[in-house]
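Asks: Sharing my_file22.cif below, mmCIF, C-alpha atoms (C1' of nucleotides):
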```cif
data_my_file
loop_
_atom_site.label_atom_id
_atom_site.label_comp_id
_atom_site.auth_asym_id
_atom_site.auth_seq_id
_atom_site.Cartn_x
_atom_site.Cartn_y
_atom_site.Cartn_z
CA MET A 1 -10.50 31.17 -6.50
CA GLU A 2 -12.60 29.26 -3.99
CA ASP A 3 -11.88 29.37 -0.33
CA THR A 4 -9.65 26.36 -0.22
CA LYS A 5 -7.34 26.97 2.71
CA LEU A 6 -9.44 25.10 5.22
CA ALA A 7 -9.81 22.09 2.98
CA THR A 8 -6.10 22.02 2.31
CA ALA A 9 -5.31 22.17 5.99
CA LEU A 10 -7.70 19.30 6.61
CA VAL A 11 -6.08 17.20 3.93
CA ARG A 12 -2.65 17.79 5.38
CA LEU A 13 -3.88 17.04 8.82
CA ALA A 14 -5.34 13.81 7.52
CA HIS A 15 -1.97 12.83 6.08
CA LEU A 16 -0.38 13.56 9.41
CA VAL A 17 -2.87 11.43 11.28
CA THR A 18 -2.35 8.66 8.77
CA ARG A 19 1.35 8.70 9.58
CA VAL A 20 0.71 8.53 13.27
CA TYR A 21 -1.54 5.59 12.64
CA ALA A 22 1.13 3.86 10.61
CA GLU A 23 3.80 4.48 13.22
CA VAL A 24 1.69 3.15 16.05
CA SER A 25 0.80 0.11 13.98
CA LYS A 26 4.44 -0.63 13.44
CA GLU A 27 4.99 -0.68 17.20
CA PHE A 28 2.73 -3.70 17.30
CA GLU A 29 4.31 -5.25 14.23
CA LEU A 30 1.01 -5.04 12.42
CA THR A 31 -0.11 -3.08 9.41
CA PRO A 32 -2.47 -0.09 9.69
CA GLN A 33 -5.17 -2.15 8.00
CA GLN A 34 -4.82 -4.92 10.52
CA ILE A 35 -4.96 -2.45 13.41
CA GLN A 36 -8.03 -0.85 11.90
CA LEU A 37 -9.66 -4.24 11.66
CA LEU A 38 -8.95 -4.88 15.33
CA CYS A 39 -10.25 -1.48 16.42
CA MET A 40 -13.37 -2.03 14.41
CA LEU A 41 -13.94 -5.34 16.12
CA LEU A 42 -13.95 -3.59 19.48
CA GLY A 43 -17.45 -2.59 18.43
CA GLY A 44 -18.46 -6.24 18.31
CA SER A 45 -17.76 -9.14 15.99
CA THR A 46 -19.32 -9.26 12.54
CA GLY A 47 -19.31 -11.36 9.43
CA MET A 48 -16.92 -10.91 6.53
CA THR A 49 -19.38 -9.11 4.30
CA GLU A 50 -20.48 -6.65 6.93
CA MET A 51 -16.90 -5.86 7.86
CA SER A 52 -15.88 -5.42 4.26
CA ARG A 53 -18.64 -2.87 3.86
CA ALA A 54 -17.56 -1.07 7.00
CA LEU A 55 -13.99 -0.91 5.78
CA GLY A 56 -14.94 -0.06 2.23
CA LEU A 57 -13.27 -3.12 0.79
CA GLU A 58 -14.31 -5.84 -1.62
CA LYS A 59 -15.04 -9.04 0.21
CA SER A 60 -12.29 -10.76 -1.72
CA SER A 61 -9.89 -8.35 -0.03
CA MET A 62 -11.30 -9.23 3.38
CA THR A 63 -10.36 -12.87 3.00
CA GLY A 64 -6.67 -12.08 2.80
CA LEU A 65 -6.78 -9.45 5.52
CA VAL A 66 -8.47 -11.80 7.95
CA ASP A 67 -6.19 -14.68 6.88
CA ARG A 68 -3.12 -12.71 7.82
CA ALA A 69 -4.63 -11.38 11.02
CA GLU A 70 -5.59 -14.90 11.96
CA ARG A 71 -2.10 -16.15 11.23
CA ARG A 72 -0.82 -13.52 13.65
CA GLY A 73 -3.23 -14.74 16.28
CA VAL A 74 -5.17 -11.52 16.75
CA VAL A 75 -8.52 -12.67 15.36
CA VAL A 76 -10.30 -15.94 14.73
CA ARG A 77 -13.01 -17.01 12.33
CA VAL A 78 -15.95 -18.58 14.08
CA ARG A 79 -18.32 -20.62 11.96
CA ASP A 80 -21.90 -19.50 12.22
CA GLN A 81 -24.14 -22.30 13.47
CA ARG A 82 -27.33 -21.12 11.83
CA ASP A 83 -25.84 -20.19 8.47
CA ARG A 84 -23.06 -22.54 7.60
CA ARG A 85 -21.80 -20.34 4.77
CA ALA A 86 -21.10 -17.45 7.10
CA CYS A 87 -18.49 -16.90 9.75
CA GLY A 88 -17.92 -14.27 12.38
CA ILE A 89 -14.62 -12.51 12.90
CA GLU A 90 -13.69 -12.30 16.56
CA LEU A 91 -10.86 -10.79 18.51
CA THR A 92 -8.57 -13.11 20.42
CA GLU A 93 -7.45 -12.05 23.88
CA GLN A 94 -4.21 -10.76 22.42
CA GLY A 95 -6.10 -9.03 19.64
CA ARG A 96 -8.32 -7.23 22.10
CA GLU A 97 -5.36 -6.01 24.10
CA ILE A 98 -3.60 -4.74 21.03
CA ALA A 99 -6.74 -3.03 19.83
CA HIS A 100 -7.14 -1.19 23.11
CA ASP A 101 -3.50 -0.24 23.36
CA ALA A 102 -3.34 0.94 19.78
CA HIS A 103 -6.51 2.96 20.21
CA ARG A 104 -5.07 4.61 23.29
CA LYS A 105 -1.75 5.35 21.68
CA VAL A 106 -3.21 6.76 18.51
CA THR A 107 -5.58 9.10 20.30
CA ALA A 108 -2.83 10.16 22.69
CA ARG A 109 -0.45 11.00 19.88
CA VAL A 110 -3.09 12.79 17.90
CA GLU A 111 -3.87 14.80 21.00
CA GLY A 112 -0.18 15.55 21.09
CA LEU A 113 -0.35 16.82 17.52
CA ILE A 114 -3.11 19.17 18.44
CA GLY A 115 -1.15 20.49 21.37
CA GLU A 116 -2.21 23.45 23.39
CA ILE A 117 -5.20 25.20 21.99
CA ASP A 118 -7.76 27.55 23.37
CA PRO A 119 -10.56 25.55 25.02
CA GLY A 120 -13.12 27.47 23.01
CA ASP A 121 -11.36 26.61 19.78
CA ARG A 122 -11.18 23.02 20.85
CA GLU A 123 -14.90 22.86 21.35
CA ARG A 124 -15.60 24.52 18.03
CA LEU A 125 -13.22 22.21 16.24
CA GLU A 126 -14.76 19.23 17.93
CA SER A 127 -18.28 20.11 16.95
CA VAL A 128 -17.35 20.83 13.35
CA LEU A 129 -15.41 17.61 12.98
CA VAL A 130 -18.01 15.49 14.68
CA GLY A 131 -20.52 17.04 12.34
CA ILE A 132 -18.48 16.12 9.30
CA VAL A 133 -17.79 12.62 10.46
CA ARG A 134 -21.43 12.02 11.21
CA ALA A 135 -22.77 13.43 7.96
CA PRO A 136 -25.39 11.16 6.41
CA HIS A 137 -23.69 10.53 3.09
CA VAL A 138 -20.76 9.42 5.12
CA GLY A 139 -22.07 7.51 8.05
CA ARG A 140 -23.83 4.79 6.17
CA ASP A 141 -20.81 2.71 5.44
CA LEU A 142 -18.72 4.04 8.22
CA PRO A 143 -17.29 2.24 11.18
CA GLN A 144 -18.94 2.47 14.56
CA VAL A 145 -15.80 2.34 16.63
CA ALA A 146 -13.77 3.62 13.78
CA LEU A 147 -10.39 4.91 14.74
CA MET B 1 -10.41 9.19 30.91
CA GLU B 2 -8.64 11.78 28.81
CA ASP B 3 -10.52 14.04 26.47
CA THR B 4 -10.39 11.81 23.47
CA LYS B 5 -13.38 12.88 21.42
CA LEU B 6 -11.49 15.37 19.31
CA ALA B 7 -8.69 12.93 18.58
CA THR B 8 -11.16 10.26 17.59
CA ALA B 9 -12.97 12.63 15.29
CA LEU B 10 -9.67 13.53 13.68
CA VAL B 11 -8.78 9.92 13.07
CA ARG B 12 -12.12 9.32 11.43
CA LEU B 13 -11.71 12.44 9.39
CA ALA B 14 -8.34 11.17 8.24
CA HIS B 15 -9.97 7.97 7.05
CA LEU B 16 -12.63 9.96 5.24
CA VAL B 17 -10.16 12.21 3.51
CA THR B 18 -8.16 9.19 2.54
CA ARG B 19 -11.23 7.79 0.84
CA VAL B 20 -11.95 11.01 -0.99
CA TYR B 21 -8.36 11.04 -2.10
CA ALA B 22 -8.61 7.46 -3.31
CA GLU B 23 -11.84 8.10 -5.19
CA VAL B 24 -10.51 11.15 -6.95
CA SER B 25 -7.35 9.28 -7.85
CA LYS B 26 -9.37 6.53 -9.42
CA GLU B 27 -11.06 9.06 -11.70
CA PHE B 28 -7.66 9.67 -13.23
CA GLU B 29 -6.80 5.97 -13.27
CA LEU B 30 -3.90 6.61 -10.97
CA THR B 31 -3.18 5.52 -7.41
CA PRO B 32 -3.35 7.93 -4.47
CA GLN B 33 0.42 7.70 -4.13
CA GLN B 34 0.91 8.67 -7.74
CA ILE B 35 -1.48 11.59 -7.39
CA GLN B 36 0.31 12.72 -4.27
CA LEU B 37 3.58 12.60 -6.13
CA LEU B 38 2.14 14.79 -8.87
CA CYS B 39 0.67 17.30 -6.43
CA MET B 40 3.98 17.49 -4.65
CA LEU B 41 5.73 18.23 -7.91
CA LEU B 42 3.52 21.26 -8.40
CA GLY B 43 5.82 22.81 -5.84
CA GLY B 44 8.74 22.35 -8.22
CA SER B 45 10.76 19.39 -9.38
CA THR B 46 13.20 17.69 -7.04
CA GLY B 47 15.56 14.75 -6.93
CA MET B 48 14.61 11.26 -5.81
CA THR B 49 16.10 11.55 -2.36
CA GLU B 50 14.50 14.86 -1.55
CA MET B 51 11.12 13.64 -2.75
CA SER B 52 11.42 10.43 -0.79
CA ARG B 53 12.02 12.46 2.33
CA ALA B 54 9.04 14.69 1.57
CA LEU B 55 6.82 11.67 1.11
CA GLY B 56 8.25 9.79 4.05
CA LEU B 57 9.40 6.86 1.94
CA GLU B 58 12.63 4.95 1.57
CA LYS B 59 14.39 5.91 -1.60
CA SER B 60 14.13 2.33 -2.79
CA SER B 61 10.37 2.81 -2.75
CA MET B 62 10.68 5.98 -4.81
CA THR B 63 12.31 4.14 -7.67
CA GLY B 64 9.25 2.01 -8.28
CA LEU B 65 6.80 4.83 -7.73
CA VAL B 66 8.54 7.03 -10.27
CA ASP B 67 8.98 4.10 -12.65
CA ARG B 68 5.27 3.50 -12.75
CA ALA B 69 4.42 7.19 -12.98
CA GLU B 70 6.86 7.52 -15.83
CA ARG B 71 5.33 4.54 -17.61
CA ARG B 72 1.98 6.33 -17.38
CA GLY B 73 3.51 9.42 -18.90
CA VAL B 74 2.85 11.81 -16.04
CA VAL B 75 6.43 12.42 -14.99
CA VAL B 76 9.89 12.13 -16.48
CA ARG B 77 13.33 11.64 -15.03
CA VAL B 78 15.76 14.29 -16.14
CA ARG B 79 19.43 13.53 -15.68
CA ASP B 80 21.25 16.19 -13.72
CA GLN B 81 24.09 17.68 -15.74
CA ARG B 82 26.25 18.69 -12.82
CA ASP B 83 25.84 15.53 -10.80
CA ARG B 84 25.56 12.55 -13.03
CA ARG B 85 24.37 10.30 -10.24
CA ALA B 86 21.30 12.40 -9.62
CA CYS B 87 18.16 12.99 -11.58
CA GLY B 88 15.25 15.35 -11.25
CA ILE B 89 11.64 14.27 -11.36
CA GLU B 90 9.52 16.53 -13.53
CA LEU B 91 5.88 16.73 -14.44
CA THR B 92 4.91 16.19 -18.04
CA GLU B 93 2.23 18.44 -19.50
CA GLN B 94 -0.35 15.75 -18.87
CA GLY B 95 1.00 15.24 -15.39
CA ARG B 96 0.65 18.89 -14.57
CA GLU B 97 -2.93 19.00 -15.76
CA ILE B 98 -3.85 15.96 -13.73
CA ALA B 99 -2.14 17.38 -10.68
CA HIS B 100 -4.12 20.60 -10.92
CA ASP B 101 -7.41 18.87 -11.60
CA ALA B 102 -6.93 16.38 -8.81
CA HIS B 103 -5.97 19.12 -6.39
CA ARG B 104 -9.08 21.05 -7.30
CA LYS B 105 -11.34 18.06 -7.01
CA VAL B 106 -9.98 16.91 -3.69
CA THR B 107 -10.28 20.30 -2.06
CA ALA B 108 -13.73 20.79 -3.54
CA ARG B 109 -14.95 17.50 -2.16
CA VAL B 110 -13.42 18.10 1.21
CA GLU B 111 -15.10 21.51 1.23
CA GLY B 112 -18.28 19.63 0.49
CA LEU B 113 -17.69 17.47 3.52
CA ILE B 114 -17.30 20.50 5.71
CA GLY B 115 -20.58 21.95 4.55
CA GLU B 116 -22.13 25.06 5.95
CA ILE B 117 -20.31 26.62 8.83
CA ASP B 118 -20.34 30.02 10.38
CA PRO B 119 -17.79 32.26 8.62
CA GLY B 120 -16.30 33.23 11.95
CA ASP B 121 -15.87 29.62 12.92
CA ARG B 122 -14.31 28.91 9.58
CA GLU B 123 -11.64 31.52 10.06
CA ARG B 124 -11.00 30.35 13.57
CA LEU B 125 -10.66 26.75 12.46
CA GLU B 126 -8.46 27.68 9.61
CA SER B 127 -5.95 29.40 11.81
CA VAL B 128 -6.00 26.61 14.39
CA LEU B 129 -5.47 23.89 11.80
CA VAL B 130 -2.80 25.77 9.94
CA GLY B 131 -1.06 26.14 13.27
CA ILE B 132 -1.17 22.41 13.89
CA VAL B 133 -0.04 21.50 10.42
CA ARG B 134 2.86 23.88 10.65
CA ALA B 135 4.02 22.75 14.06
CA PRO B 136 7.80 22.35 14.18
CA HIS B 137 7.91 18.63 15.03
CA VAL B 138 5.78 18.15 12.00
CA GLY B 139 6.95 20.48 9.31
CA ARG B 140 10.48 19.25 8.95
CA ASP B 141 9.79 16.35 6.67
CA LEU B 142 6.52 17.63 5.38
CA PRO B 143 5.49 18.53 1.89
CA GLN B 144 5.33 22.10 0.77
CA VAL B 145 2.45 21.77 -1.62
CA ALA B 146 1.15 18.79 0.17
CA LEU B 147 -2.43 17.94 -0.41
"C1'" DG C 1 -36.29 -30.64 -6.07
"C1'" DA C 2 -34.78 -27.04 -9.29
"C1'" DC C 3 -33.56 -22.08 -8.92
"C1'" DT C 4 -31.99 -17.88 -7.39
"C1'" DG C 5 -29.47 -15.41 -4.09
"C1'" DT C 6 -25.87 -14.85 -0.61
"C1'" DA C 7 -21.33 -15.82 2.17
"C1'" DG C 8 -16.80 -16.60 1.50
"C1'" DT C 9 -12.80 -18.22 -1.12
"C1'" DT C 10 -9.47 -18.63 -4.96
"C1'" DC C 11 -6.69 -16.88 -8.54
"C1'" DG C 12 -4.22 -13.67 -11.30
"C1'" DT C 13 -2.66 -9.01 -11.61
"C1'" DA C 14 -0.93 -4.44 -10.28
"C1'" DG C 15 0.75 -1.63 -6.85
"C1'" DT C 16 3.00 -0.32 -2.17
"C1'" DG C 17 6.86 -0.25 0.92
"C1'" DC C 18 10.86 -2.08 3.26
"C1'" DA C 19 15.77 -3.61 3.97
"C1'" DA C 20 20.05 -5.14 2.15
"C1'" DA C 21 23.18 -5.28 -1.39
"C1'" DC C 22 24.79 -3.07 -5.35
"C1'" DT C 23 26.58 0.59 -9.14
"C1'" DA C 24 28.21 4.85 -10.37
"C1'" DT C 25 29.67 9.13 -9.35
"C1'" DC C 26 31.28 12.94 -6.31
"C1'" DG C 27 34.34 15.38 -3.22
"C1'" DT C 28 38.20 15.28 -0.35
"C1'" DC C 29 42.60 14.55 1.47
"C1'" DA C 30 47.17 12.73 1.29
"C1'" DT D 1 46.81 11.87 -8.89
"C1'" DG D 2 44.78 8.23 -6.78
"C1'" DA D 3 42.61 6.04 -2.89
"C1'" DC D 4 38.50 6.51 -0.01
"C1'" DG D 5 34.39 7.51 2.18
"C1'" DA D 6 29.99 9.66 1.19
"C1'" DT D 7 25.98 10.19 -1.71
"C1'" DA D 8 22.25 9.29 -5.57
"C1'" DG D 9 19.72 5.87 -7.42
"C1'" DT D 10 18.71 1.06 -8.61
"C1'" DT D 11 17.96 -3.89 -7.97
"C1'" DT D 12 16.16 -7.81 -5.61
"C1'" DG D 13 13.32 -10.46 -2.61
"C1'" DC D 14 9.72 -10.27 0.48
"C1'" DA D 15 5.17 -9.31 2.73
"C1'" DC D 16 1.16 -6.92 2.27
"C1'" DT D 17 -2.93 -4.36 -0.01
"C1'" DA D 18 -6.74 -4.32 -3.21
"C1'" DC D 19 -9.33 -5.46 -7.17
"C1'" DG D 20 -12.39 -8.25 -10.38
"C1'" DA D 21 -13.87 -12.59 -12.16
"C1'" DA D 22 -14.79 -17.14 -11.46
"C1'" DC D 23 -15.86 -20.45 -8.18
"C1'" DT D 24 -17.92 -23.44 -3.99
"C1'" DA D 25 -21.25 -24.18 -0.74
"C1'" DC D 26 -25.12 -23.33 1.57
"C1'" DA D 27 -29.92 -20.82 2.26
"C1'" DG D 28 -34.49 -19.68 1.16
"C1'" DT D 29 -38.25 -19.97 -2.05
"C1'" DC D 30 -41.61 -21.44 -5.42
#
```
Now, as a test, write the supplied structure out as structure tokens.
Replies:
Amino acid sequence: MEDTKLATALVRLAHLVTRVYAEVSKEFELTPQQIQLLCMLLGGSTGMTEMSRALGLEKSSMTGLVDRAERRGVVVRVRDQRDRRACGIELTEQGREIAHDAHRKVTARVEGLIGEIDPGDRERLESVLVGIVRAPHVGRDLPQVAL
Amino acid sequence: MEDTKLATALVRLAHLVTRVYAEVSKEFELTPQQIQLLCMLLGGSTGMTEMSRALGLEKSSMTGLVDRAERRGVVVRVRDQRDRRACGIELTEQGREIAHDAHRKVTARVEGLIGEIDPGDRERLESVLVGIVRAPHVGRDLPQVAL
DNA sequence: GACTGTAGTTCGTAGTGCAAACTATCGTCA
DNA sequence: TGACGATAGTTTGCACTACGAACTACAGTC
């Protein structure tokens, strides 16, 4: 009988946030994965391999993801001059706008989920969560500008 | 410049939990959706429509999900005697075991993520999170035995 | 210049999720 | 009783996600 209530609440909360994410994505007629890609790119453009590590995907999965995002005009592949095998993924103007808007909307709605809470509780929650999210075994492969 | 740090941390947490969920699912050679279905059924068997509402899916999506779960021998469809259109979804013995194990593993690993925190903080957090997860605009369509 | 490693892509497969159209049954009301 | 609208599930076609294995093309090295 471990103390499992907190973990359970966190899991449920995560599911909730995932739904918010999905709903916001739909507003832009993009998938959550595509939106995540865009938000990640706000932290700067990267190559396919690096991005696939950041997203926790096989690189073969990246190809399709970027293909579809490119078809929608939100990113472009830019051939690397020094290494002609590699290419960078970059946001288009439209992609950047969407990324910002989506980021704003998601955080706003998640704030809405949280609702009114005691400022002290908020701070405590914040520090605990930031601690979790920054944990070493976690951070390695984790996004910089996640969302 | 709203206070967005907490929301951002929550979004990242959601992504983390999603990964944990995916990793645990893989240990059972099932998909996260299938595991979620099983965990939900721990709260009692239901019909397709009710479950689709609980999972936030169209009922047409449920058909396939249950088909595949049934093929893997973790659930069965049981024709309703009173209403011959309807059918209940029930866990098989194997399904129930997997559901319990997966539930345990997920909560254990999420507990691991949380790490050491002050017992007072823990209680505080618990009550805050439970409050959020139970919020009215949320609970309506939400799982009972979520995870 | 051959060799090994790395960056991305291609292909086949399984699964997710939707919307629209459909089947079968239920409950009601005339 | 028999027509009718509502409800429970299924089917179909589509777009997307994700994987692993095999592949192409280039890079760096010995």
Asks: Using all atoms listed in the file, find all polymer residues with an atom at most 7 Å away from the point (-5.5, 12.7, 14.4); report them as a list in words.
Replies: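 Residues with an atom close enough to that point: Ala14, Val17, Thr107 and Val110 of chain A; Ala7, Thr8, Leu10, Val11 and Ala14 of chain B.
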Asks: Give me the residues within 10 Å of region 6-12 of chain D as a ChimeraX atom specification, counting all atoms listed in the file and dropping any in the same chain fewer than 3 places off.
Replies: /B:47-49,59-60,62-64,83-87 /C:20-27
Asks: What are the residues of chain C that have an atom within 9 Å of an atom of chain A, counting all atoms listed in the file, as a PyMOL selection string?
Replies: chain C and resi 6-10
Asks: Can you tell me, as lines of an AutoDock Vina configuration file, the centre and edge lengths (Å, one decimal) of the axis-aligned box enclosing all of region 45-60 of chain B's listed atoms after padding each side by 4 Å?
Replies:
```
center_x = 11.5
center_y = 10.9
center_z = -2.7
size_x = 17.3
size_y = 25.1
size_z = 21.4
```
Asks: Using only C-alpha atoms (C1' of nucleotides), which protein or nucleic acid residues come within 12 Å of Thr31 (chain B)? Drop anything in the same chain fewer than 5 positions from it, and give the result as a PyMOL selection string.
Replies: (chain B and resi 18-19+21-26+36-38+65+68-69+72+102) or (chain C and resi 14-16) or (chain D and resi 18)
Asks: Take the PyMOL selection byres ((chain B) within 8 of (chain A)), apply it to the structure above, and return the hits as number ranges by chain.
Replies: B: 4-18, 107-108, 110-111, 113-115, 117, 121-122, 124-126, 128-130, 132-133, 146-147
Asks: When distances are computed from all atoms listed in the file, which of B:Leu91, B:Leu41, B:Ile35, B:Val66 shows the smallest separation from chain D?
Replies: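 With all atoms listed in the file as the atom set, the closest residue is B:Val66.
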Asks: Return as JSON, numbers by chain the residues belonging to chain D that are within 10 Å of chain A, counting all atoms listed in the file.
Replies: {"D": [16, 17, 18, 19, 20, 25, 26, 27]}
Asks: Going by the chain IDs and residue numbers used in this file, which residues fall under the PyMOL selection byres ((chain D and resi 30) around 12)? Write them as a list in words.
Replies: DG1, DA2, DC3 and DT4 of chain C; DG28 and DT29 of chain D
Asks: What is the distance, in Å and to one decimal place, between CA of Met40 (chain A) and CA of Arg53 (chain A)?
Replies: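 CA of Arg53 (chain A) lies 11.8 Å from CA of Met40 (chain A).
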Asks: Place N, CA and C atoms on region 29-46 of chain A and deliver the coordinates as a compact mmCIF listing (two decimals), in the coordinates of the input.
Replies:
```
# COMPACT_ATOMS: atom_id res chain seq x y z
N GLU A 29 3.94 -4.36 15.32
CA GLU A 29 4.31 -5.25 14.23
C GLU A 29 3.10 -5.70 13.42
N LEU A 30 2.17 -4.77 13.26
CA LEU A 30 1.01 -5.04 12.42
C LEU A 30 0.89 -3.90 11.43
N THR A 31 0.10 -4.13 10.39
CA THR A 31 -0.11 -3.08 9.41
C THR A 31 -1.28 -2.20 9.86
N PRO A 32 -1.37 -0.97 9.34
CA PRO A 32 -2.47 -0.09 9.69
C PRO A 32 -3.81 -0.76 9.42
N GLN A 33 -3.91 -1.49 8.34
CA GLN A 33 -5.17 -2.15 8.00
C GLN A 33 -5.55 -3.18 9.04
N GLN A 34 -4.55 -3.90 9.50
CA GLN A 34 -4.82 -4.92 10.52
C GLN A 34 -5.26 -4.26 11.82
N ILE A 35 -4.58 -3.17 12.19
CA ILE A 35 -4.96 -2.45 13.41
C ILE A 35 -6.37 -1.90 13.27
N GLN A 36 -6.68 -1.40 12.09
CA GLN A 36 -8.03 -0.85 11.90
C GLN A 36 -9.07 -1.95 12.05
N LEU A 37 -8.75 -3.10 11.51
CA LEU A 37 -9.66 -4.24 11.66
C LEU A 37 -9.89 -4.53 13.14
N LEU A 38 -8.83 -4.58 13.91
CA LEU A 38 -8.95 -4.88 15.33
C LEU A 38 -9.80 -3.83 16.05
N CYS A 39 -9.50 -2.56 15.75
CA CYS A 39 -10.25 -1.48 16.42
C CYS A 39 -11.73 -1.57 16.08
N MET A 40 -11.99 -1.90 14.84
CA MET A 40 -13.37 -2.03 14.41
C MET A 40 -14.06 -3.13 15.18
N LEU A 41 -13.35 -4.19 15.43
CA LEU A 41 -13.94 -5.34 16.12
C LEU A 41 -14.23 -5.05 17.58
N LEU A 42 -13.62 -3.98 18.11
CA LEU A 42 -13.95 -3.59 19.48
C LEU A 42 -15.44 -3.26 19.58
N GLY A 43 -16.02 -2.91 18.45
CA GLY A 43 -17.45 -2.59 18.43
C GLY A 43 -18.32 -3.83 18.35
N GLY A 44 -17.71 -4.99 18.39
CA GLY A 44 -18.46 -6.24 18.31
C GLY A 44 -18.06 -7.02 17.08
N SER A 45 -18.19 -8.35 17.14
CA SER A 45 -17.76 -9.14 15.99
C SER A 45 -18.83 -9.12 14.92
N THR A 46 -18.41 -9.30 13.68
CA THR A 46 -19.32 -9.26 12.54
C THR A 46 -18.88 -10.30 11.52
```
